[in-house]
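Have a look at work39.txt; it's compact mmCIF, C-alpha atoms:
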# COMPACT_ATOMS: atom_id res chain seq x y z
CA MET L 1143 189.98 -55.89 -85.74
CA LYS L 1144 190.42 -54.90 -89.38
CA LEU L 1145 188.91 -58.20 -90.46
CA VAL L 1146 185.89 -57.61 -88.25
CA ILE L 1147 185.38 -54.10 -89.70
CA SER L 1148 185.78 -55.39 -93.27
CA ALA L 1149 183.29 -58.16 -92.63
CA ALA L 1150 180.83 -55.66 -91.19
CA ILE L 1151 181.19 -53.43 -94.26
CA VAL L 1152 180.66 -56.35 -96.64
CA THR L 1153 177.66 -57.53 -94.63
CA GLY L 1154 176.19 -54.03 -94.57
CA ALA L 1155 176.69 -53.56 -98.30
CA GLY L 1156 175.14 -56.95 -99.02
CA GLY L 1157 172.16 -56.10 -96.86
CA ALA L 1158 171.69 -52.77 -98.63
CA ILE L 1159 171.79 -54.44 -102.05
CA LEU L 1160 169.29 -57.07 -100.93
CA ALA L 1161 166.98 -54.41 -99.53
CA TRP L 1162 167.22 -52.43 -102.78
CA ALA L 1163 166.43 -55.55 -104.84
CA ARG L 1164 163.36 -56.25 -102.70
CA TRP L 1165 162.20 -52.65 -103.05
CA LEU L 1166 162.69 -52.79 -106.82
CA LYS L 1167 160.71 -56.03 -107.06
CA ARG L 1168 157.81 -54.54 -105.04
CA ARG L 1169 157.90 -51.43 -107.22
CA GLN L 1170 157.79 -53.51 -110.40
CA ASP L 1171 154.82 -55.48 -109.08
CA VAL L 1172 152.92 -52.29 -108.25
CA TRP L 1173 153.65 -50.85 -111.69
CA ARG L 1174 152.61 -54.06 -113.47
CA ILE L 1175 149.19 -53.81 -111.81
CA ARG L 1176 148.94 -50.12 -112.58
CA LEU L 1177 149.84 -50.58 -116.24
CA ALA L 1178 147.50 -53.56 -116.58
CA ASP L 1179 144.69 -51.29 -115.39
CA ASN L 1180 145.60 -48.87 -118.20
CA ILE L 1181 145.15 -51.45 -120.98
CA PRO L 1182 141.36 -50.96 -121.44
CA VAL L 1183 141.76 -47.18 -121.09
CA ASN L 1184 144.36 -46.98 -123.85
CA SER L 1185 142.46 -49.41 -126.04
CA LYS L 1186 139.31 -47.28 -125.80
CA PHE L 1187 141.30 -44.15 -126.59
CA TRP L 1188 142.62 -45.59 -129.86
CA ARG L 1189 139.23 -47.04 -130.83
CA GLU L 1190 137.82 -43.52 -130.58
CA ARG L 1191 140.67 -42.09 -132.68
CA ASN L 1192 139.97 -44.71 -135.34
CA LYS L 1193 136.48 -43.22 -135.82
CA GLU L 1194 137.84 -39.81 -136.78
CA ALA L 1195 137.96 -38.83 -140.43
CA GLY L 1196 141.16 -37.89 -142.24
CA ASP L 1197 142.61 -37.33 -145.70
CA LEU L 1198 145.49 -39.66 -144.85
CA LEU L 1199 145.28 -42.97 -143.02
CA TYR L 1200 148.08 -44.16 -140.74
CA VAL L 1201 147.82 -47.80 -139.61
CA ALA L 1202 149.99 -49.28 -136.85
CA ILE L 1203 150.56 -53.02 -136.42
CA GLY L 1204 151.93 -53.67 -132.95
CA ASP L 1205 151.54 -54.54 -129.29
CA SER L 1206 151.36 -52.65 -125.98
CA ALA L 1207 154.05 -50.23 -127.14
CA ALA L 1208 151.78 -49.12 -129.99
CA GLN L 1209 149.00 -48.71 -127.41
CA GLY L 1210 151.26 -46.55 -125.22
CA ILE L 1211 151.34 -48.69 -122.10
CA GLY L 1212 153.88 -47.09 -119.78
CA ALA L 1213 153.37 -43.57 -121.13
CA SER L 1214 151.70 -40.80 -119.17
CA ARG L 1215 148.82 -40.84 -121.70
CA PRO L 1216 147.88 -43.06 -124.66
CA ASP L 1217 148.93 -40.61 -127.37
CA HIS L 1218 152.43 -40.48 -125.90
CA SER L 1219 153.11 -43.87 -127.44
CA TYR L 1220 155.41 -43.90 -130.46
CA VAL L 1221 152.24 -44.08 -132.58
CA GLY L 1222 150.96 -40.88 -131.00
CA PHE L 1223 154.27 -39.08 -131.46
CA LEU L 1224 154.45 -40.21 -135.09
CA ALA L 1225 150.89 -39.04 -135.70
CA ARG L 1226 151.81 -35.56 -134.45
CA SER L 1227 154.93 -35.59 -136.61
CA ILE L 1228 152.90 -36.55 -139.68
CA ARG L 1229 150.38 -33.78 -139.04
CA SER L 1230 153.18 -31.23 -138.69
CA ARG L 1231 154.66 -32.25 -142.05
CA THR L 1232 151.50 -31.99 -144.13
CA ASP L 1233 148.48 -29.75 -144.50
CA ARG L 1234 146.21 -32.79 -144.84
CA THR L 1235 144.15 -34.25 -141.99
CA LEU L 1236 145.09 -37.62 -140.53
CA ARG L 1237 143.14 -40.61 -139.29
CA VAL L 1238 144.99 -43.09 -137.08
CA ALA L 1239 144.00 -46.77 -136.96
CA ASN L 1240 146.09 -48.22 -134.16
CA LEU L 1241 145.57 -51.97 -134.49
CA GLY L 1242 148.07 -52.78 -131.74
CA ILE L 1243 146.95 -55.15 -128.99
CA SER L 1244 148.57 -55.18 -125.56
CA GLY L 1245 150.43 -58.45 -125.09
CA ALA L 1246 150.28 -59.28 -128.80
CA THR L 1247 152.64 -61.87 -130.20
CA LEU L 1248 153.20 -62.44 -133.90
CA GLY L 1249 150.52 -65.13 -133.79
CA LEU L 1250 147.95 -62.83 -132.20
CA ALA L 1251 148.76 -60.10 -134.71
CA ILE L 1252 148.12 -62.58 -137.54
CA GLU L 1253 144.85 -63.68 -135.96
CA SER L 1254 143.41 -60.31 -134.90
CA GLU L 1255 145.28 -57.43 -136.54
CA LEU L 1256 145.80 -58.59 -140.12
CA PRO L 1257 142.06 -59.16 -140.81
CA ARG L 1258 141.42 -55.55 -139.80
CA LEU L 1259 144.32 -54.33 -141.93
CA ALA L 1260 142.87 -56.15 -144.95
CA LYS L 1261 139.78 -53.92 -144.77
CA LEU L 1262 141.82 -50.70 -144.89
CA ASP L 1263 143.70 -48.78 -147.57
CA PRO L 1264 146.43 -47.07 -145.55
CA ASP L 1265 148.78 -44.36 -146.77
CA ILE L 1266 151.30 -45.05 -144.01
CA VAL L 1267 151.89 -48.34 -142.17
CA THR L 1268 154.28 -49.09 -139.32
CA VAL L 1269 154.99 -52.62 -138.12
CA CYS L 1270 156.55 -53.04 -134.68
CA ILE L 1271 155.79 -56.49 -133.29
CA GLY L 1272 157.64 -59.50 -131.90
CA ALA L 1273 159.03 -58.40 -128.53
CA ASN L 1274 156.47 -60.55 -126.71
CA ASP L 1275 157.69 -63.60 -128.62
CA VAL L 1276 161.14 -63.37 -127.02
CA ALA L 1277 160.14 -64.89 -123.66
CA ASN L 1278 159.19 -68.23 -125.27
CA PHE L 1279 161.30 -67.81 -128.36
CA ASP L 1280 160.93 -70.37 -131.13
CA GLU L 1281 163.14 -69.41 -134.06
CA ARG L 1282 161.29 -71.43 -136.69
CA ARG L 1283 157.88 -70.19 -135.59
CA PHE L 1284 159.12 -66.60 -135.50
CA GLU L 1285 160.51 -66.90 -139.02
CA ARG L 1286 157.27 -68.40 -140.29
CA GLU L 1287 154.98 -65.89 -138.61
CA ILE L 1288 156.94 -62.74 -139.45
CA ALA L 1289 156.79 -63.86 -143.09
CA VAL L 1290 152.98 -64.08 -142.87
CA ILE L 1291 152.75 -60.57 -141.43
CA LEU L 1292 155.10 -59.00 -143.95
CA ASP L 1293 153.29 -60.71 -146.81
CA ALA L 1294 150.08 -58.99 -145.67
CA VAL L 1295 151.31 -55.40 -145.38
CA PRO L 1296 151.58 -52.99 -148.34
CA SER L 1297 154.87 -52.51 -150.16
CA HIS L 1298 155.36 -49.08 -148.53
CA ALA L 1299 155.12 -50.46 -144.96
CA ILE L 1300 157.84 -49.40 -142.52
CA VAL L 1301 159.08 -52.26 -140.35
CA ALA L 1302 161.01 -51.91 -137.09
CA ASP L 1303 163.30 -54.55 -135.70
CA LEU L 1304 163.00 -55.42 -132.00
CA PRO L 1305 164.27 -52.90 -129.43
CA SER L 1306 167.29 -53.60 -127.27
CA PHE L 1307 166.79 -55.87 -124.29
CA TYR L 1308 170.02 -54.40 -122.88
CA PHE L 1309 171.68 -56.77 -120.42
CA THR L 1310 168.96 -59.38 -120.10
CA SER L 1311 169.02 -62.90 -121.51
CA GLY L 1312 166.50 -61.72 -124.08
CA GLN L 1313 169.14 -59.71 -125.90
CA LYS L 1314 170.58 -62.74 -127.70
CA LYS L 1315 167.12 -63.90 -128.75
CA ALA L 1316 166.25 -60.38 -129.92
CA ARG L 1317 169.33 -60.32 -132.16
CA ILE L 1318 168.28 -63.62 -133.74
CA ALA L 1319 164.73 -62.32 -134.21
CA ASN L 1320 166.06 -59.14 -135.79
CA ARG L 1321 168.11 -61.13 -138.28
CA LEU L 1322 164.90 -62.93 -139.28
CA ILE L 1323 162.92 -59.67 -139.50
CA ARG L 1324 165.55 -58.07 -141.72
CA ALA L 1325 165.83 -61.08 -143.98
CA ALA L 1326 162.06 -61.29 -144.44
CA ALA L 1327 161.79 -57.55 -145.06
CA ALA L 1328 164.66 -57.56 -147.57
CA GLU L 1329 163.05 -60.42 -149.49
CA ARG L 1330 159.91 -58.26 -149.84
CA GLU L 1331 161.83 -54.99 -150.38
CA LEU L 1332 160.29 -53.40 -147.29
CA THR L 1333 161.90 -50.51 -145.41
CA VAL L 1334 163.40 -51.49 -142.04
CA VAL L 1335 164.23 -49.03 -139.27
CA ASN L 1336 166.90 -49.93 -136.74
CA LEU L 1337 165.02 -49.56 -133.48
CA HIS L 1338 167.41 -51.98 -131.78
CA ARG L 1339 170.50 -49.93 -132.52
CA LEU L 1340 168.92 -46.64 -131.46
CA THR L 1341 167.59 -48.02 -128.18
CA ASP L 1342 170.80 -49.95 -127.47
CA ARG L 1343 172.78 -46.73 -127.78
CA GLN L 1344 170.86 -45.31 -124.82
CA GLY L 1345 172.74 -47.71 -122.53
CA LEU L 1346 172.49 -47.29 -118.76
CA TRP L 1347 171.05 -43.79 -119.21
CA GLY L 1348 168.19 -45.25 -121.21
CA ILE L 1349 167.56 -48.02 -118.69
CA THR L 1350 167.29 -45.55 -115.81
CA THR L 1351 165.38 -42.74 -117.52
CA GLN L 1352 163.36 -44.16 -120.43
CA PHE L 1353 161.32 -46.95 -118.85
CA ALA L 1354 158.13 -47.08 -116.82
CA GLY L 1355 158.25 -48.54 -113.34
CA ASP L 1356 157.79 -52.10 -114.57
CA LEU L 1357 161.20 -51.78 -116.30
CA PHE L 1358 159.73 -53.27 -119.49
CA HIS L 1359 157.52 -50.67 -121.17
CA PRO L 1360 158.98 -47.33 -122.27
CA ASN L 1361 157.87 -44.10 -120.63
CA ASP L 1362 157.29 -40.84 -122.52
CA ARG L 1363 161.03 -40.32 -123.04
CA GLY L 1364 161.44 -43.86 -124.27
CA TYR L 1365 158.57 -43.59 -126.73
CA ARG L 1366 160.08 -40.41 -128.17
CA ILE L 1367 163.21 -42.44 -128.93
CA TRP L 1368 161.08 -45.11 -130.63
CA ALA L 1369 159.30 -42.47 -132.71
CA ALA L 1370 162.65 -40.96 -133.69
CA ALA L 1371 163.64 -44.33 -135.16
CA PHE L 1372 160.63 -44.24 -137.49
CA GLU L 1373 160.57 -40.54 -138.39
CA PRO L 1374 163.09 -40.44 -141.29
CA ALA L 1375 161.32 -43.31 -143.06
CA VAL L 1376 157.90 -41.76 -142.38
CA ALA L 1377 159.14 -38.45 -143.80
CA ARG L 1378 160.27 -40.21 -146.97
CA ARG L 1379 156.88 -41.89 -147.28
CA LEU L 1380 155.11 -38.55 -146.91
CA ALA L 1381 157.36 -37.05 -149.58
CA ALA L 1382 156.47 -39.92 -151.92
CA LEU L 1383 152.76 -39.35 -151.25
CA GLN L 1384 153.20 -35.65 -151.92
CA ALA L 1385 155.02 -36.36 -155.18
CA SER L 1386 152.30 -38.79 -156.20
CA GLY L 1387 149.61 -36.23 -155.37
CA ASP L 1388 151.40 -33.55 -157.38
CA ALA L 1389 151.64 -35.91 -160.34
CA ASP L 1390 147.93 -36.71 -160.13
CA ALA L 1391 147.10 -33.01 -159.96
CA THR L 1392 148.92 -32.34 -163.24
CA THR L 1393 147.22 -35.25 -165.05
CA SER L 1394 144.11 -34.43 -167.06
CA PRO L 1395 140.83 -36.28 -166.29
CA THR L 1396 141.09 -38.09 -169.67
CA GLU L 1397 144.63 -39.27 -168.89
CA THR L 1398 143.58 -40.41 -165.43
CA ALA L 1399 140.65 -42.40 -166.81
CA THR L 1400 142.92 -44.00 -169.43
CA ARG L 1401 145.55 -44.88 -166.85
CA ARG L 1402 143.01 -46.52 -164.58

Show me, as structure tokens, the structure contained in the file I just sent.
Amino acid sequence: MKLVISAAIVTGAGGAILAWARWLKRRQDVWRIRLADNIPVNSKFWRERNKEAGDLLYVAIGDSAAQGIGASRPDHSYVGFLARSIRSRTDRTLRVANLGISGATLGLAIESELPRLAKLDPDIVTVCIGANDVANFDERRFEREIAVILDAVPSHAIVADLPSFYFTSGQKKARIANRLIRAAAAERELTVVNLHRLTDRQGLWGITTQFAGDLFHPNDRGYRIWAAAFEPAVARRLAALQASGDADATTSPTETATRR
């Protein structure tokens, strides 16, 4: 009798888990469609922001996370949160050129984002790219392409490593990719922010509360965490710009002309 009851419990539990897995899969599929529909909306939003004037120019190199896919609105991406943080720290106006492309790999960023960057003279640059390369990870290609990207950005660019993939098979690949990102950035003396460590610390709480329904893109809470990873480095960059501006203000026109 006890064996029969135990078997029934195990069978019931197994059925419940299977039903939950099927529900989760259907939910992910629905969210993937929903978020795909948001891609042109978010892209248009950032194109419009790029037209606005500003004393400072913030340029973002990235993918769908830069675009804010998964957030409740486009400017709730980490780029949007950083833009608000920058505005709160300075009395100067800000223009945002979000060059991120949803689905971008390193190769696509080289092909489509770097030519646009070359036409700009940014005061602040963030680079957060490479997560889409993990699925079909090629270590040599990743090393080669991240070098091309980091060669193209200014010396003050702020580079993020890849976020945590938590318990998925992508975590090992992400760690390899992050080693390559850090090595390439160190060779060029670029600032690196540890996005992986900060997101990894969120653990199960982060997995359950900081992702959109597709369980891949962050939601508003998740993007706030991403922005928090960048903020100390962005604050230091703003301080350097302020110091540079103060120095220019105390230099006479004759000295400025001579220096140039």

Interatomic distance (Å, one decimal) between atom CA of L:Gly1245 and atom CA of L:Val1269: 15.0 Å

Would you compute, for all listed atoms of stretch 1176-1193 of chain L, the axis-aligned bounding box grown by 5 Å on each side, and then report its centre and edge lengths in Å rounded to one decimal, as AutoDock Vina command-line options?
--center_x 143.2 --center_y -47.8 --center_z -124.2 --size_x 23.4 --size_y 21.5 --size_z 33.2

One-decimal distance in Å that lies between atom CA of L:Ser1311 and atom CA of L:His1218: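 Between atom CA of L:His1218 and atom CA of L:Ser1311 the gap is 28.2 Å.
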
Distance criterion (all atoms listed in the file): nearest to L:Glu1194 out of L:Asn1320, L:Thr1235, L:Ser1230, L:Thr1333: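 Result for the nearest residue to L:Glu1194: L:Thr1235.
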
Selection: 7 Å around stretch 1182-1188 of chain L, all atoms listed in the file, excl. self and same-chain fewer than 6 positions, as a list in words: Gln1209, Pro1216 and Asn1240 of chain L

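Using all atoms listed in the file, the shortest contact distance between L:Leu1198 and any of L:Asp1233, L:Glu1329, L:Asp1275, L:Asp1293 is found at L:Asp1233.
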
Who sits within 10 Å of L:Ala1208, all atoms listed in the file, same chain under 6 positions skipped, as a list in words: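 Non-adjacent residues within range: Asn1184, Trp1188, Ala1202, Pro1216, Asp1217, His1218, Ser1219, Tyr1220, Val1221, Gly1222, Asn1240, Leu1241, Gly1242, Ile1243, Ser1244, Thr1268, Val1269, Cys1270, Ile1271 and Tyr1365 of chain L.
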
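Atom CA of L:Val1295 is positioned 18.6 Å from atom CA of L:Leu1224.
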
Write out as a PDB file with C-alpha atoms, keeping the file's coordinate frame which residues come within 12 Å of L:Gly1348 when counting only C-alpha atoms, dropping same-chain ones fewer than 3 positions away.
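Everything below was put into around-v1.pdb:
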ATOM      1  CA  PRO L1305     164.270 -52.900-129.430  1.00  0.00           C
ATOM      2  CA  SER L1306     167.290 -53.600-127.270  1.00  0.00           C
ATOM      3  CA  PHE L1307     166.790 -55.870-124.290  1.00  0.00           C
ATOM      4  CA  TYR L1308     170.020 -54.400-122.880  1.00  0.00           C
ATOM      5  CA  LEU L1340     168.920 -46.640-131.460  1.00  0.00           C
ATOM      6  CA  THR L1341     167.590 -48.020-128.180  1.00  0.00           C
ATOM      7  CA  ASP L1342     170.800 -49.950-127.470  1.00  0.00           C
ATOM      8  CA  ARG L1343     172.780 -46.730-127.780  1.00  0.00           C
ATOM      9  CA  GLN L1344     170.860 -45.310-124.820  1.00  0.00           C
ATOM     10  CA  GLY L1345     172.740 -47.710-122.530  1.00  0.00           C
ATOM     11  CA  THR L1351     165.380 -42.740-117.520  1.00  0.00           C
ATOM     12  CA  GLN L1352     163.360 -44.160-120.430  1.00  0.00           C
ATOM     13  CA  PHE L1353     161.320 -46.950-118.850  1.00  0.00           C
ATOM     14  CA  ALA L1354     158.130 -47.080-116.820  1.00  0.00           C
ATOM     15  CA  LEU L1357     161.200 -51.780-116.300  1.00  0.00           C
ATOM     16  CA  PHE L1358     159.730 -53.270-119.490  1.00  0.00           C
ATOM     17  CA  HIS L1359     157.520 -50.670-121.170  1.00  0.00           C
ATOM     18  CA  PRO L1360     158.980 -47.330-122.270  1.00  0.00           C
ATOM     19  CA  ASN L1361     157.870 -44.100-120.630  1.00  0.00           C
ATOM     20  CA  ASP L1362     157.290 -40.840-122.520  1.00  0.00           C
ATOM     21  CA  ARG L1363     161.030 -40.320-123.040  1.00  0.00           C
ATOM     22  CA  GLY L1364     161.440 -43.860-124.270  1.00  0.00           C
ATOM     23  CA  TYR L1365     158.570 -43.590-126.730  1.00  0.00           C
ATOM     24  CA  ARG L1366     160.080 -40.410-128.170  1.00  0.00           C
ATOM     25  CA  ILE L1367     163.210 -42.440-128.930  1.00  0.00           C
ATOM     26  CA  TRP L1368     161.080 -45.110-130.630  1.00  0.00           C
TER      27      TRP L1368
END

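Of the listed residues (L:Ile1252, L:Ile1211, L:Ile1266, L:Ala1371), L:Ile1266 comes nearest to L:Leu1383; the distances count only C-alpha atoms.
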
Option closest in space to L:Pro1264, from L:Ser1297, L:Ser1214, L:Gln1384, L:Ser1227 [counting only C-alpha atoms]: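 Going through L:Ser1297, L:Ser1214, L:Gln1384, L:Ser1227 one by one, the smallest distance to L:Pro1264 is for L:Ser1297.
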
Nearest residue to L:Ser1206 from the set L:Ala1289, L:Ala1246, L:Ile1323, L:Ile1228 (distances using all atoms listed in the file):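 Of L:Ala1289, L:Ala1246, L:Ile1323, L:Ile1228, the one nearest L:Ser1206, counting all atoms listed in the file, is L:Ala1246.
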
Residue nearest L:Ala1260 among L:Leu1236, L:Val1201, L:Ala1207, L:Leu1304 (counting all atoms listed in the file):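 Among L:Leu1236, L:Val1201, L:Ala1207, L:Leu1304, it is L:Val1201 that comes nearest to L:Ala1260.
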
Polymer residues at most 9 Å from L:Glu1281, all atoms listed in the file, same-chain spacing of 6 or more positions, as number ranges by chain: L: 1315, 1318-1319, 1322
